[in-house]
>>> print(open('model09.pdb').read())   # PDB, C-alpha atoms, pLDDT in the B column
MODEL        1
ATOM      1  CA  MET A   1      25.947 -61.070 135.868  1.00 56.00           C
ATOM      2  CA  ASN A   2      29.491 -59.706 135.652  1.00 89.00           C
ATOM      3  CA  THR A   3      29.596 -58.744 131.974  1.00 95.00           C
ATOM      4  CA  LEU A   4      27.256 -56.359 130.195  1.00 98.00           C
ATOM      5  CA  LYS A   5      27.010 -56.204 126.396  1.00 98.00           C
ATOM      6  CA  ILE A   6      26.115 -52.766 125.081  1.00 98.00           C
ATOM      7  CA  THR A   7      25.251 -51.393 121.643  1.00 98.00           C
ATOM      8  CA  THR A   8      25.724 -47.660 121.100  1.00 98.00           C
ATOM      9  CA  PHE A   9      24.279 -45.896 118.085  1.00 98.00           C
ATOM     10  CA  GLN A  10      25.968 -42.626 117.178  1.00 98.00           C
ATOM     11  CA  ALA A  11      23.296 -41.682 114.668  1.00 98.00           C
ATOM     12  CA  TYR A  12      22.648 -39.004 112.078  1.00 98.00           C
ATOM     13  CA  LEU A  13      19.278 -37.442 112.899  1.00 98.00           C
ATOM     14  CA  PHE A  14      16.791 -35.964 110.443  1.00 98.00           C
ATOM     15  CA  TRP A  15      15.645 -32.564 111.646  1.00 98.00           C
ATOM     16  CA  GLU A  16      12.197 -32.588 113.256  1.00 98.00           C
ATOM     17  CA  ASN A  17      11.131 -35.651 111.263  1.00 98.00           C
ATOM     18  CA  ILE A  18       9.908 -38.330 113.667  1.00 98.00           C
ATOM     19  CA  ASP A  19       8.767 -40.789 111.014  1.00 97.00           C
ATOM     20  CA  LYS A  20      12.023 -40.630 109.058  1.00 98.00           C
ATOM     21  CA  ASN A  21      14.170 -40.942 112.178  1.00 98.00           C
ATOM     22  CA  LEU A  22      12.292 -43.949 113.496  1.00 98.00           C
ATOM     23  CA  GLN A  23      12.418 -45.595 110.075  1.00 98.00           C
ATOM     24  CA  ASN A  24      16.150 -44.963 109.657  1.00 97.00           C
ATOM     25  CA  LEU A  25      17.051 -45.985 113.203  1.00 98.00           C
ATOM     26  CA  GLY A  26      15.011 -49.163 112.911  1.00 98.00           C
ATOM     27  CA  LEU A  27      16.630 -50.042 109.600  1.00 98.00           C
ATOM     28  CA  ARG A  28      20.136 -49.489 110.931  1.00 97.00           C
ATOM     29  CA  LEU A  29      19.487 -51.513 114.075  1.00 98.00           C
ATOM     30  CA  THR A  30      18.737 -54.572 111.939  1.00 97.00           C
ATOM     31  CA  SER A  31      22.501 -54.873 111.391  1.00 96.00           C
ATOM     32  CA  ILE A  32      22.950 -55.952 115.028  1.00 96.00           C
ATOM     33  CA  ARG A  33      23.992 -59.592 114.713  1.00 91.00           C
ATOM     34  CA  GLU A  34      24.747 -60.543 118.301  1.00 94.00           C
ATOM     35  CA  LYS A  35      22.759 -60.603 121.506  1.00 97.00           C
ATOM     36  CA  THR A  36      23.039 -57.310 123.338  1.00 98.00           C
ATOM     37  CA  ASP A  37      21.729 -56.254 126.745  1.00 98.00           C
ATOM     38  CA  LEU A  38      21.339 -52.532 126.120  1.00 98.00           C
ATOM     39  CA  ILE A  39      20.861 -50.325 123.042  1.00 98.00           C
ATOM     40  CA  ILE A  40      21.657 -46.633 123.583  1.00 99.00           C
ATOM     41  CA  LEU A  41      20.348 -43.890 121.261  1.00 98.00           C
ATOM     42  CA  PRO A  42      21.146 -40.135 121.364  1.00 98.00           C
ATOM     43  CA  GLU A  43      19.215 -37.355 123.072  1.00 98.00           C
ATOM     44  CA  MET A  44      15.958 -36.471 121.252  1.00 98.00           C
ATOM     45  CA  PHE A  45      16.666 -39.275 118.800  1.00 98.00           C
ATOM     46  CA  SER A  46      13.335 -38.908 117.007  1.00 98.00           C
ATOM     47  CA  THR A  47      13.541 -35.139 116.359  1.00 98.00           C
ATOM     48  CA  GLY A  48      16.968 -33.679 116.951  1.00 98.00           C
ATOM     49  CA  PHE A  49      17.481 -31.035 119.661  1.00 98.00           C
ATOM     50  CA  SER A  50      14.431 -28.929 118.905  1.00 98.00           C
ATOM     51  CA  MET A  51      12.471 -26.229 120.733  1.00 98.00           C
ATOM     52  CA  ASN A  52       9.460 -26.814 118.447  1.00 98.00           C
ATOM     53  CA  VAL A  53       7.625 -28.503 121.290  1.00 98.00           C
ATOM     54  CA  GLU A  54       4.043 -27.780 120.253  1.00 97.00           C
ATOM     55  CA  GLN A  55       4.426 -29.671 116.975  1.00 98.00           C
ATOM     56  CA  LEU A  56       6.816 -32.413 118.033  1.00 98.00           C
ATOM     57  CA  ALA A  57       5.874 -33.381 121.590  1.00 98.00           C
ATOM     58  CA  GLU A  58       4.253 -36.759 122.171  1.00 98.00           C
ATOM     59  CA  GLU A  59       2.170 -38.143 125.004  1.00 97.00           C
ATOM     60  CA  MET A  60       3.585 -40.986 127.057  1.00 98.00           C
ATOM     61  CA  GLY A  61       2.971 -44.196 125.136  1.00 97.00           C
ATOM     62  CA  GLY A  62       3.040 -42.376 121.781  1.00 97.00           C
ATOM     63  CA  ARG A  63       4.682 -43.527 118.563  1.00 97.00           C
ATOM     64  CA  SER A  64       8.292 -43.076 119.682  1.00 98.00           C
ATOM     65  CA  MET A  65       7.701 -45.083 122.840  1.00 98.00           C
ATOM     66  CA  THR A  66       5.754 -47.679 120.870  1.00 98.00           C
ATOM     67  CA  TRP A  67       8.712 -47.937 118.492  1.00 98.00           C
ATOM     68  CA  MET A  68      11.100 -48.306 121.432  1.00 98.00           C
ATOM     69  CA  HIS A  69       9.043 -51.165 122.797  1.00 98.00           C
ATOM     70  CA  GLU A  70       9.012 -52.858 119.404  1.00 98.00           C
ATOM     71  CA  GLN A  71      12.804 -52.637 119.206  1.00 98.00           C
ATOM     72  CA  ALA A  72      13.302 -53.764 122.793  1.00 98.00           C
ATOM     73  CA  LYS A  73      11.063 -56.777 122.212  1.00 98.00           C
ATOM     74  CA  LYS A  74      12.721 -57.586 118.885  1.00 98.00           C
ATOM     75  CA  PHE A  75      16.260 -57.552 120.283  1.00 98.00           C
ATOM     76  CA  GLU A  76      15.312 -58.759 123.771  1.00 98.00           C
ATOM     77  CA  SER A  77      17.254 -55.862 125.230  1.00 98.00           C
ATOM     78  CA  VAL A  78      16.655 -52.555 126.972  1.00 98.00           C
ATOM     79  CA  VAL A  79      16.424 -49.570 124.605  1.00 98.00           C
ATOM     80  CA  THR A  80      17.091 -46.063 125.908  1.00 99.00           C
ATOM     81  CA  GLY A  81      17.297 -42.496 124.589  1.00 98.00           C
ATOM     82  CA  SER A  82      15.389 -39.254 125.136  1.00 98.00           C
ATOM     83  CA  ILE A  83      12.302 -37.843 123.399  1.00 98.00           C
ATOM     84  CA  ILE A  84      10.055 -34.777 123.722  1.00 98.00           C
ATOM     85  CA  ILE A  85       7.125 -35.503 126.039  1.00 98.00           C
ATOM     86  CA  LYS A  86       4.055 -33.413 126.894  1.00 98.00           C
ATOM     87  CA  GLU A  87       2.212 -33.773 130.195  1.00 98.00           C
ATOM     88  CA  GLY A  88      -0.623 -31.321 130.687  1.00 96.00           C
ATOM     89  CA  LYS A  89       0.775 -27.939 129.716  1.00 96.00           C
ATOM     90  CA  LYS A  90       4.390 -28.895 130.402  1.00 98.00           C
ATOM     91  CA  TYR A  91       7.084 -30.291 128.118  1.00 98.00           C
ATOM     92  CA  TYR A  92       9.982 -32.520 129.129  1.00 98.00           C
ATOM     93  CA  ASN A  93      13.217 -33.702 127.574  1.00 98.00           C
ATOM     94  CA  ARG A  94      12.605 -37.212 128.874  1.00 98.00           C
ATOM     95  CA  LEU A  95      14.849 -40.252 128.770  1.00 99.00           C
ATOM     96  CA  ILE A  96      12.932 -43.505 128.475  1.00 98.00           C
ATOM     97  CA  TRP A  97      14.355 -46.785 129.781  1.00 99.00           C
ATOM     98  CA  MET A  98      12.290 -49.308 127.809  1.00 98.00           C
ATOM     99  CA  ARG A  99      12.381 -53.014 128.666  1.00 98.00           C
ATOM    100  CA  PRO A 100      11.410 -55.874 126.321  1.00 98.00           C
ATOM    101  CA  ASP A 101       8.213 -56.568 128.277  1.00 98.00           C
ATOM    102  CA  GLY A 102       6.991 -52.996 127.744  1.00 98.00           C
ATOM    103  CA  THR A 103       7.643 -51.768 131.278  1.00 98.00           C
ATOM    104  CA  TYR A 104       9.769 -48.654 131.533  1.00 98.00           C
ATOM    105  CA  GLU A 105      11.326 -46.005 133.736  1.00 98.00           C
ATOM    106  CA  HIS A 106      11.961 -42.380 132.856  1.00 98.00           C
ATOM    107  CA  TYR A 107      14.280 -39.515 133.740  1.00 98.00           C
ATOM    108  CA  ASP A 108      13.587 -35.842 133.020  1.00 98.00           C
ATOM    109  CA  LYS A 109      16.629 -33.746 132.157  1.00 98.00           C
ATOM    110  CA  ARG A 110      17.647 -31.873 135.269  1.00 98.00           C
ATOM    111  CA  HIS A 111      19.836 -29.155 133.766  1.00 98.00           C
ATOM    112  CA  LEU A 112      18.260 -27.326 130.833  1.00 98.00           C
ATOM    113  CA  PHE A 113      20.570 -25.664 128.322  1.00 97.00           C
ATOM    114  CA  GLY A 114      19.923 -21.949 128.782  1.00 96.00           C
ATOM    115  CA  LEU A 115      22.285 -20.946 125.971  1.00 94.00           C
ATOM    116  CA  GLY A 116      19.972 -22.799 123.578  1.00 95.00           C
ATOM    117  CA  GLU A 117      16.802 -21.528 125.337  1.00 97.00           C
ATOM    118  CA  GLU A 118      15.857 -25.047 126.382  1.00 98.00           C
ATOM    119  CA  ASP A 119      14.829 -23.627 129.766  1.00 98.00           C
ATOM    120  CA  GLN A 120      12.239 -21.445 128.002  1.00 98.00           C
ATOM    121  CA  TYR A 121      10.349 -24.434 126.606  1.00 98.00           C
ATOM    122  CA  TYR A 122      10.971 -27.390 128.901  1.00 98.00           C
ATOM    123  CA  THR A 123      10.393 -28.143 132.573  1.00 98.00           C
ATOM    124  CA  PRO A 124      13.425 -29.461 134.496  1.00 98.00           C
ATOM    125  CA  GLY A 125      13.379 -32.779 136.281  1.00 97.00           C
ATOM    126  CA  SER A 126      13.964 -33.085 140.014  1.00 94.00           C
ATOM    127  CA  LYS A 127      14.718 -36.768 140.568  1.00 96.00           C
ATOM    128  CA  LYS A 128      17.765 -38.857 139.724  1.00 96.00           C
ATOM    129  CA  LEU A 129      17.091 -42.282 138.238  1.00 98.00           C
ATOM    130  CA  ILE A 130      19.031 -45.442 139.099  1.00 98.00           C
ATOM    131  CA  VAL A 131      18.026 -48.535 137.119  1.00 98.00           C
ATOM    132  CA  GLU A 132      19.209 -52.130 137.425  1.00 98.00           C
ATOM    133  CA  LEU A 133      20.258 -54.345 134.545  1.00 98.00           C
ATOM    134  CA  ASN A 134      21.853 -57.763 134.963  1.00 96.00           C
ATOM    135  CA  GLY A 135      23.261 -56.834 138.356  1.00 96.00           C
ATOM    136  CA  TRP A 136      24.525 -53.416 137.221  1.00 98.00           C
ATOM    137  CA  LYS A 137      23.301 -50.170 138.762  1.00 98.00           C
ATOM    138  CA  ILE A 138      23.045 -47.564 136.007  1.00 98.00           C
ATOM    139  CA  CYS A 139      22.435 -43.807 136.259  1.00 98.00           C
ATOM    140  CA  PRO A 140      21.130 -42.352 132.968  1.00 98.00           C
ATOM    141  CA  VAL A 141      21.321 -38.586 132.381  1.00 98.00           C
ATOM    142  CA  ILE A 142      21.056 -36.196 129.454  1.00 98.00           C
ATOM    143  CA  CYS A 143      23.666 -34.044 127.686  1.00 98.00           C
ATOM    144  CA  TYR A 144      24.070 -30.762 129.644  1.00 98.00           C
ATOM    145  CA  ASP A 145      23.848 -32.699 132.938  1.00 98.00           C
ATOM    146  CA  LEU A 146      27.449 -33.713 132.213  1.00 98.00           C
ATOM    147  CA  ARG A 147      28.661 -30.260 133.281  1.00 98.00           C
ATOM    148  CA  PHE A 148      27.287 -30.594 136.821  1.00 98.00           C
ATOM    149  CA  PRO A 149      29.385 -33.000 138.918  1.00 97.00           C
ATOM    150  CA  VAL A 150      27.430 -32.431 142.136  1.00 95.00           C
ATOM    151  CA  TRP A 151      24.282 -33.847 140.502  1.00 96.00           C
ATOM    152  CA  LEU A 152      26.278 -36.801 139.184  1.00 97.00           C
ATOM    153  CA  ARG A 153      28.345 -37.473 142.297  1.00 96.00           C
ATOM    154  CA  ASN A 154      28.527 -41.171 143.179  1.00 95.00           C
ATOM    155  CA  ALA A 155      29.199 -40.587 146.879  1.00 85.00           C
ATOM    156  CA  ASN A 156      27.335 -43.678 148.117  1.00 89.00           C
ATOM    157  CA  GLU A 157      28.310 -45.988 145.264  1.00 95.00           C
ATOM    158  CA  ASP A 158      24.792 -45.532 143.896  1.00 96.00           C
ATOM    159  CA  TYR A 159      25.806 -46.644 140.415  1.00 98.00           C
ATOM    160  CA  ASP A 160      28.327 -48.718 138.490  1.00 98.00           C
ATOM    161  CA  MET A 161      27.760 -46.941 135.192  1.00 98.00           C
ATOM    162  CA  LEU A 162      26.904 -43.355 134.294  1.00 98.00           C
ATOM    163  CA  LEU A 163      25.060 -43.228 130.950  1.00 98.00           C
ATOM    164  CA  ILE A 164      24.812 -39.980 128.978  1.00 99.00           C
ATOM    165  CA  VAL A 165      22.714 -39.396 125.849  1.00 99.00           C
ATOM    166  CA  ALA A 166      23.412 -36.157 124.018  1.00 98.00           C
ATOM    167  CA  ASN A 167      23.177 -33.688 121.156  1.00 98.00           C
ATOM    168  CA  TRP A 168      26.531 -32.079 122.005  1.00 98.00           C
ATOM    169  CA  PRO A 169      27.893 -29.648 119.349  1.00 98.00           C
ATOM    170  CA  GLU A 170      31.349 -30.022 117.827  1.00 98.00           C
ATOM    171  CA  LYS A 171      32.369 -26.467 118.784  1.00 97.00           C
ATOM    172  CA  ARG A 172      32.377 -27.553 122.452  1.00 98.00           C
ATOM    173  CA  SER A 173      33.699 -31.059 121.839  1.00 98.00           C
ATOM    174  CA  LEU A 174      36.867 -30.346 123.848  1.00 98.00           C
ATOM    175  CA  HIS A 175      34.691 -29.908 126.931  1.00 98.00           C
ATOM    176  CA  TRP A 176      32.846 -33.159 126.148  1.00 98.00           C
ATOM    177  CA  ARG A 177      36.087 -35.102 125.693  1.00 98.00           C
ATOM    178  CA  THR A 178      37.490 -33.659 128.936  1.00 98.00           C
ATOM    179  CA  LEU A 179      34.474 -33.999 131.224  1.00 98.00           C
ATOM    180  CA  ILE A 180      33.545 -37.590 130.394  1.00 98.00           C
ATOM    181  CA  PRO A 181      36.847 -39.117 131.582  1.00 98.00           C
ATOM    182  CA  ALA A 182      36.714 -36.812 134.624  1.00 98.00           C
ATOM    183  CA  ARG A 183      33.266 -38.130 135.581  1.00 98.00           C
ATOM    184  CA  ALA A 184      34.534 -41.717 135.209  1.00 98.00           C
ATOM    185  CA  VAL A 185      37.598 -41.231 137.395  1.00 98.00           C
ATOM    186  CA  GLU A 186      35.965 -39.155 140.138  1.00 97.00           C
ATOM    187  CA  ASN A 187      33.000 -41.543 140.438  1.00 98.00           C
ATOM    188  CA  GLN A 188      34.958 -44.777 139.891  1.00 98.00           C
ATOM    189  CA  ALA A 189      32.368 -45.952 137.386  1.00 98.00           C
ATOM    190  CA  PHE A 190      32.117 -46.689 133.695  1.00 98.00           C
ATOM    191  CA  VAL A 191      30.845 -43.723 131.703  1.00 98.00           C
ATOM    192  CA  ILE A 192      29.150 -44.384 128.379  1.00 98.00           C
ATOM    193  CA  ALA A 193      28.229 -41.273 126.405  1.00 98.00           C
ATOM    194  CA  VAL A 194      26.318 -41.423 123.108  1.00 98.00           C
ATOM    195  CA  ASN A 195      26.123 -38.321 120.917  1.00 98.00           C
ATOM    196  CA  ARG A 196      24.674 -37.660 117.462  1.00 98.00           C
ATOM    197  CA  VAL A 197      26.513 -36.691 114.259  1.00 98.00           C
ATOM    198  CA  GLY A 198      25.808 -34.234 111.447  1.00 98.00           C
ATOM    199  CA  HIS A 199      24.229 -30.789 111.131  1.00 98.00           C
ATOM    200  CA  ASP A 200      20.907 -29.998 112.735  1.00 97.00           C
ATOM    201  CA  GLY A 201      18.240 -27.616 111.415  1.00 96.00           C
ATOM    202  CA  ASN A 202      20.120 -24.654 112.875  1.00 95.00           C
ATOM    203  CA  GLU A 203      23.298 -25.635 110.985  1.00 96.00           C
ATOM    204  CA  VAL A 204      24.986 -26.682 114.219  1.00 97.00           C
ATOM    205  CA  TYR A 205      27.465 -29.482 113.539  1.00 98.00           C
ATOM    206  CA  HIS A 206      27.799 -32.483 115.848  1.00 98.00           C
ATOM    207  CA  SER A 207      31.003 -34.520 115.663  1.00 98.00           C
ATOM    208  CA  GLY A 208      29.800 -37.473 117.696  1.00 98.00           C
ATOM    209  CA  ASP A 209      32.819 -38.383 119.838  1.00 98.00           C
ATOM    210  CA  SER A 210      30.731 -41.056 121.559  1.00 98.00           C
ATOM    211  CA  MET A 211      32.808 -43.031 124.004  1.00 98.00           C
ATOM    212  CA  CYS A 212      33.077 -45.526 126.822  1.00 98.00           C
ATOM    213  CA  ILE A 213      35.569 -44.792 129.604  1.00 98.00           C
ATOM    214  CA  ASP A 214      36.391 -47.289 132.349  1.00 98.00           C
ATOM    215  CA  PRO A 215      36.616 -46.391 136.091  1.00 98.00           C
ATOM    216  CA  ASN A 216      40.340 -45.673 135.790  1.00 97.00           C
ATOM    217  CA  GLY A 217      39.962 -43.328 132.824  1.00 97.00           C
ATOM    218  CA  LYS A 218      40.961 -45.810 130.129  1.00 98.00           C
ATOM    219  CA  VAL A 219      39.253 -45.491 126.740  1.00 98.00           C
ATOM    220  CA  VAL A 220      37.227 -48.605 125.877  1.00 98.00           C
ATOM    221  CA  TYR A 221      35.527 -47.092 122.819  1.00 98.00           C
ATOM    222  CA  TYR A 222      35.742 -43.755 121.011  1.00 98.00           C
ATOM    223  CA  LYS A 223      34.309 -42.687 117.652  1.00 98.00           C
ATOM    224  CA  PRO A 224      34.442 -39.193 116.107  1.00 98.00           C
ATOM    225  CA  ASN A 225      32.548 -37.773 113.124  1.00 95.00           C
ATOM    226  CA  ASP A 226      30.893 -40.793 111.479  1.00 96.00           C
ATOM    227  CA  GLU A 227      27.611 -42.531 112.150  1.00 97.00           C
ATOM    228  CA  ASP A 228      28.484 -45.675 114.079  1.00 98.00           C
ATOM    229  CA  LEU A 229      26.621 -48.665 115.468  1.00 98.00           C
ATOM    230  CA  TYR A 230      28.963 -50.526 117.790  1.00 97.00           C
ATOM    231  CA  THR A 231      28.602 -53.418 120.229  1.00 98.00           C
ATOM    232  CA  PHE A 232      31.088 -54.104 123.016  1.00 97.00           C
ATOM    233  CA  SER A 233      31.254 -55.699 126.474  1.00 97.00           C
ATOM    234  CA  ILE A 234      32.295 -54.293 129.844  1.00 98.00           C
ATOM    235  CA  SER A 235      33.075 -56.131 133.059  1.00 97.00           C
ATOM    236  CA  LYS A 236      31.707 -55.154 136.463  1.00 96.00           C
ATOM    237  CA  GLU A 237      34.822 -56.698 137.985  1.00 96.00           C
ATOM    238  CA  GLU A 238      36.730 -53.626 136.806  1.00 96.00           C
ATOM    239  CA  VAL A 239      34.472 -51.417 138.922  1.00 97.00           C
ATOM    240  CA  GLY A 240      35.082 -53.543 142.013  1.00 95.00           C
ATOM    241  CA  ASN A 241      38.816 -53.692 141.448  1.00 95.00           C
ATOM    242  CA  SER A 242      39.057 -49.925 141.066  1.00 96.00           C
ATOM    243  CA  ARG A 243      37.133 -49.234 144.260  1.00 95.00           C
ATOM    244  CA  THR A 244      38.997 -51.884 146.261  1.00 95.00           C
ATOM    245  CA  SER A 245      42.498 -50.887 145.213  1.00 96.00           C
ATOM    246  CA  HIS A 246      41.784 -47.144 145.463  1.00 94.00           C
ATOM    247  CA  PRO A 247      38.850 -46.631 147.889  1.00 93.00           C
ATOM    248  CA  PHE A 248      38.415 -42.925 147.135  1.00 92.00           C
ATOM    249  CA  LEU A 249      34.622 -42.872 147.292  1.00 93.00           C
ATOM    250  CA  LYS A 250      34.527 -43.601 151.021  1.00 91.00           C
ATOM    251  CA  ASP A 251      36.346 -40.302 151.617  1.00 90.00           C
ATOM    252  CA  ALA A 252      33.860 -38.251 149.592  1.00 89.00           C
ATOM    253  CA  ASP A 253      31.913 -35.325 151.043  1.00 87.00           C
ATOM    254  CA  HIS A 254      28.312 -36.023 151.967  1.00 83.00           C
ATOM    255  CA  PHE A 255      25.724 -33.409 151.107  1.00 82.00           C
ATOM    256  CA  LYS A 256      22.121 -32.781 150.104  1.00 81.00           C
ATOM    257  CA  LEU A 257      20.982 -30.732 147.134  1.00 82.00           C
ATOM    258  CA  ILE A 258      18.688 -27.877 148.156  1.00 75.00           C
ATOM    259  CA  ARG A 259      17.248 -26.962 144.768  1.00 68.00           C
TER     260      ARG A 259
ENDMDL
END
>>> encode(input="model09.pdb", output="structure tokens")
Amino acid sequence: MNTLKITTFQAYLFWENIDKNLQNLGLRLTSIREKTDLIILPEMFSTGFSMNVEQLAEEMGGRSMTWMHEQAKKFESVVTGSIIIKEGKKYYNRLIWMRPDGTYEHYDKRHLFGLGEEDQYYTPGSKKLIVELNGWKICPVICYDLRFPVWLRNANEDYDMLLIVANWPEKRSLHWRTLIPARAVENQAFVIAVNRVGHDGNEVYHSGDSMCIDPNGKVVYYKPNDEDLYTFSISKEEVGNSRTSHPFLKDADHFKLIR
């Protein structure tokens, strides 16, 4: 399928309150009136960006994942976002790619935000995830991963869309607004980045600035400051046209990550 319909939810999150977040998100999603293929939620959408792992972490298949399945089934679409997961004695900032039939994939955040001590509480992931949806190859990552272009490099045309879920603070929003178009242009792929809005429990303000950028750097969607639920369509033909008219990716360096 050439066209993909996407719903992004730049949401206000209630600090460390899973029940209230799931209730609010579910209520807001009921305003979706058209068929959508993919619903994207922010990073740690059920808790906010918290280091309180012992109290907030869930097992795989817990209430947040159950809620995701309910929403995916209800809207007949994939639902994605990250949550805090515990496996054994380890904790992960884990993105879940939930399908309507209850099957799912997951990606563990590779780059942990040392400035916020995320690396003191969470275990980093080691594997990139590429998922398929309606003929699109999609690479989902999480927040701080945006700063690391080697990890995101699309040297072998592995993906058509880079998807980023985040809790990115307003005080570094210039970096966010600069790096997202850069990732789109250098990888000749759509980049869709979904952030949260509002203050968290540490009084850190998030200005949203969620956006969709096409492979040539053109802004398809951009929303600062306010909570926003928005549905739009993108065409895979634009990816093909960009790579055919300007075949930059074939000249890319080939490498292997050691770490």
>>> resolve_selection(input="model09.pdb", expression="the PyMOL selection byres ((chain A and resi 66) around 12)", output="NGL selection string")
:A and (22 or 58-65 or 67-73 or 79 or 96 or 98-104)
>>> closest_atom_pairs(input="model09.pdb", of="region 99-204 of chain A", to="region 226-230 of chain A", cutoff="12 Å", atoms="all atoms listed in the file", output="Markdown table")
| residue | atom | partner | partner_atom | distance |
| --- | --- | --- | --- | --- |
| A:Val194 | CA | A:Asp228 | CA | 10.2 |
| A:Asn195 | CA | A:Glu227 | CA | 9.8 |
| A:Arg196 | CA | A:Glu227 | CA | 7.8 |
| A:Val197 | CA | A:Glu227 | CA | 6.3 |
| A:Gly198 | CA | A:Asp226 | CA | 8.3 |
>>> closest_atom_pairs(input="model09.pdb", of="region 125-148 of chain A", to="region 177-188 of chain A", cutoff="12 Å", atoms="only C-alpha atoms", output="Markdown table")
| residue | atom | partner | partner_atom | distance |
| --- | --- | --- | --- | --- |
| A:Cys139 | CA | A:Asn187 | CA | 11.6 |
| A:Cys143 | CA | A:Ile180 | CA | 10.8 |
| A:Tyr144 | CA | A:Leu179 | CA | 11.0 |
| A:Asp145 | CA | A:Leu179 | CA | 10.8 |
| A:Leu146 | CA | A:Leu179 | CA | 7.1 |
| A:Arg147 | CA | A:Leu179 | CA | 7.2 |
| A:Phe148 | CA | A:Arg183 | CA | 9.7 |
>>> residues_around(input="model09.pdb", residues="region 83-85 of chain A", least_positions_apart="5", cutoff="8 Å", atoms="all atoms listed in the file", output="list in words")
Glu43, Met44, Phe45, Ser46, Thr47, Val53, Leu56, Ala57, Glu58, Glu59, Met60, Ser64, Tyr91, Tyr92, Asn93, Arg94, Leu95 and Ile96 of chain A
>>> residues_around(input="model09.pdb", residues="Thr36 (chain A)", least_positions_apart="5", cutoff="10 Å", atoms="all atoms listed in the file", output="mmCIF file with C-alpha atoms, in the coordinates of the input")
data_model
loop_
_atom_site.group_PDB
_atom_site.id
_atom_site.type_symbol
_atom_site.label_atom_id
_atom_site.label_comp_id
_atom_site.auth_asym_id
_atom_site.auth_seq_id
_atom_site.Cartn_x
_atom_site.Cartn_y
_atom_site.Cartn_z
ATOM 1 C CA LEU A 4 27.256 -56.359 130.195
ATOM 2 C CA LYS A 5 27.010 -56.204 126.396
ATOM 3 C CA ILE A 6 26.115 -52.766 125.081
ATOM 4 C CA THR A 7 25.251 -51.393 121.643
ATOM 5 C CA PHE A 75 16.260 -57.552 120.283
ATOM 6 C CA GLU A 76 15.312 -58.759 123.771
ATOM 7 C CA SER A 77 17.254 -55.862 125.230
ATOM 8 C CA VAL A 78 16.655 -52.555 126.972
ATOM 9 C CA THR A 231 28.602 -53.418 120.229
ATOM 10 C CA PHE A 232 31.088 -54.104 123.016
ATOM 11 C CA SER A 233 31.254 -55.699 126.474
#
>>> decode(input="model09.pdb", residues="region 214-235 of chain A", atoms="C-alpha atoms", output="PDB file, in the first residue's frame")
ATOM      1  CA  ASP A 214       9.416  14.225   4.515  1.00  0.00           C
ATOM      2  CA  PRO A 215      12.583  12.756   2.881  1.00  0.00           C
ATOM      3  CA  ASN A 216      13.492  16.135   1.385  1.00  0.00           C
ATOM      4  CA  GLY A 217      13.193  18.016   4.673  1.00  0.00           C
ATOM      5  CA  LYS A 218       9.745  19.487   4.065  1.00  0.00           C
ATOM      6  CA  VAL A 219       7.473  19.925   7.089  1.00  0.00           C
ATOM      7  CA  VAL A 220       4.302  17.827   6.793  1.00  0.00           C
ATOM      8  CA  TYR A 221       3.126  18.445  10.366  1.00  0.00           C
ATOM      9  CA  TYR A 222       4.414  20.502  13.292  1.00  0.00           C
ATOM     10  CA  LYS A 223       2.754  21.363  16.606  1.00  0.00           C
ATOM     11  CA  PRO A 224       4.318  23.264  19.529  1.00  0.00           C
ATOM     12  CA  ASN A 225       3.094  23.660  23.114  1.00  0.00           C
ATOM     13  CA  ASP A 226      -0.468  22.289  23.096  1.00  0.00           C
ATOM     14  CA  GLU A 227      -1.811  18.787  23.511  1.00  0.00           C
ATOM     15  CA  ASP A 228      -2.708  17.605  20.023  1.00  0.00           C
ATOM     16  CA  LEU A 229      -4.274  14.527  18.472  1.00  0.00           C
ATOM     17  CA  TYR A 230      -3.741  14.703  14.727  1.00  0.00           C
ATOM     18  CA  THR A 231      -4.307  12.335  11.810  1.00  0.00           C
ATOM     19  CA  PHE A 232      -2.582  12.730   8.451  1.00  0.00           C
ATOM     20  CA  SER A 233      -1.441  10.640   5.474  1.00  0.00           C
ATOM     21  CA  ILE A 234       1.981  10.169   3.898  1.00  0.00           C
ATOM     22  CA  SER A 235       2.879   8.631   0.558  1.00  0.00           C
TER      23      SER A 235
END
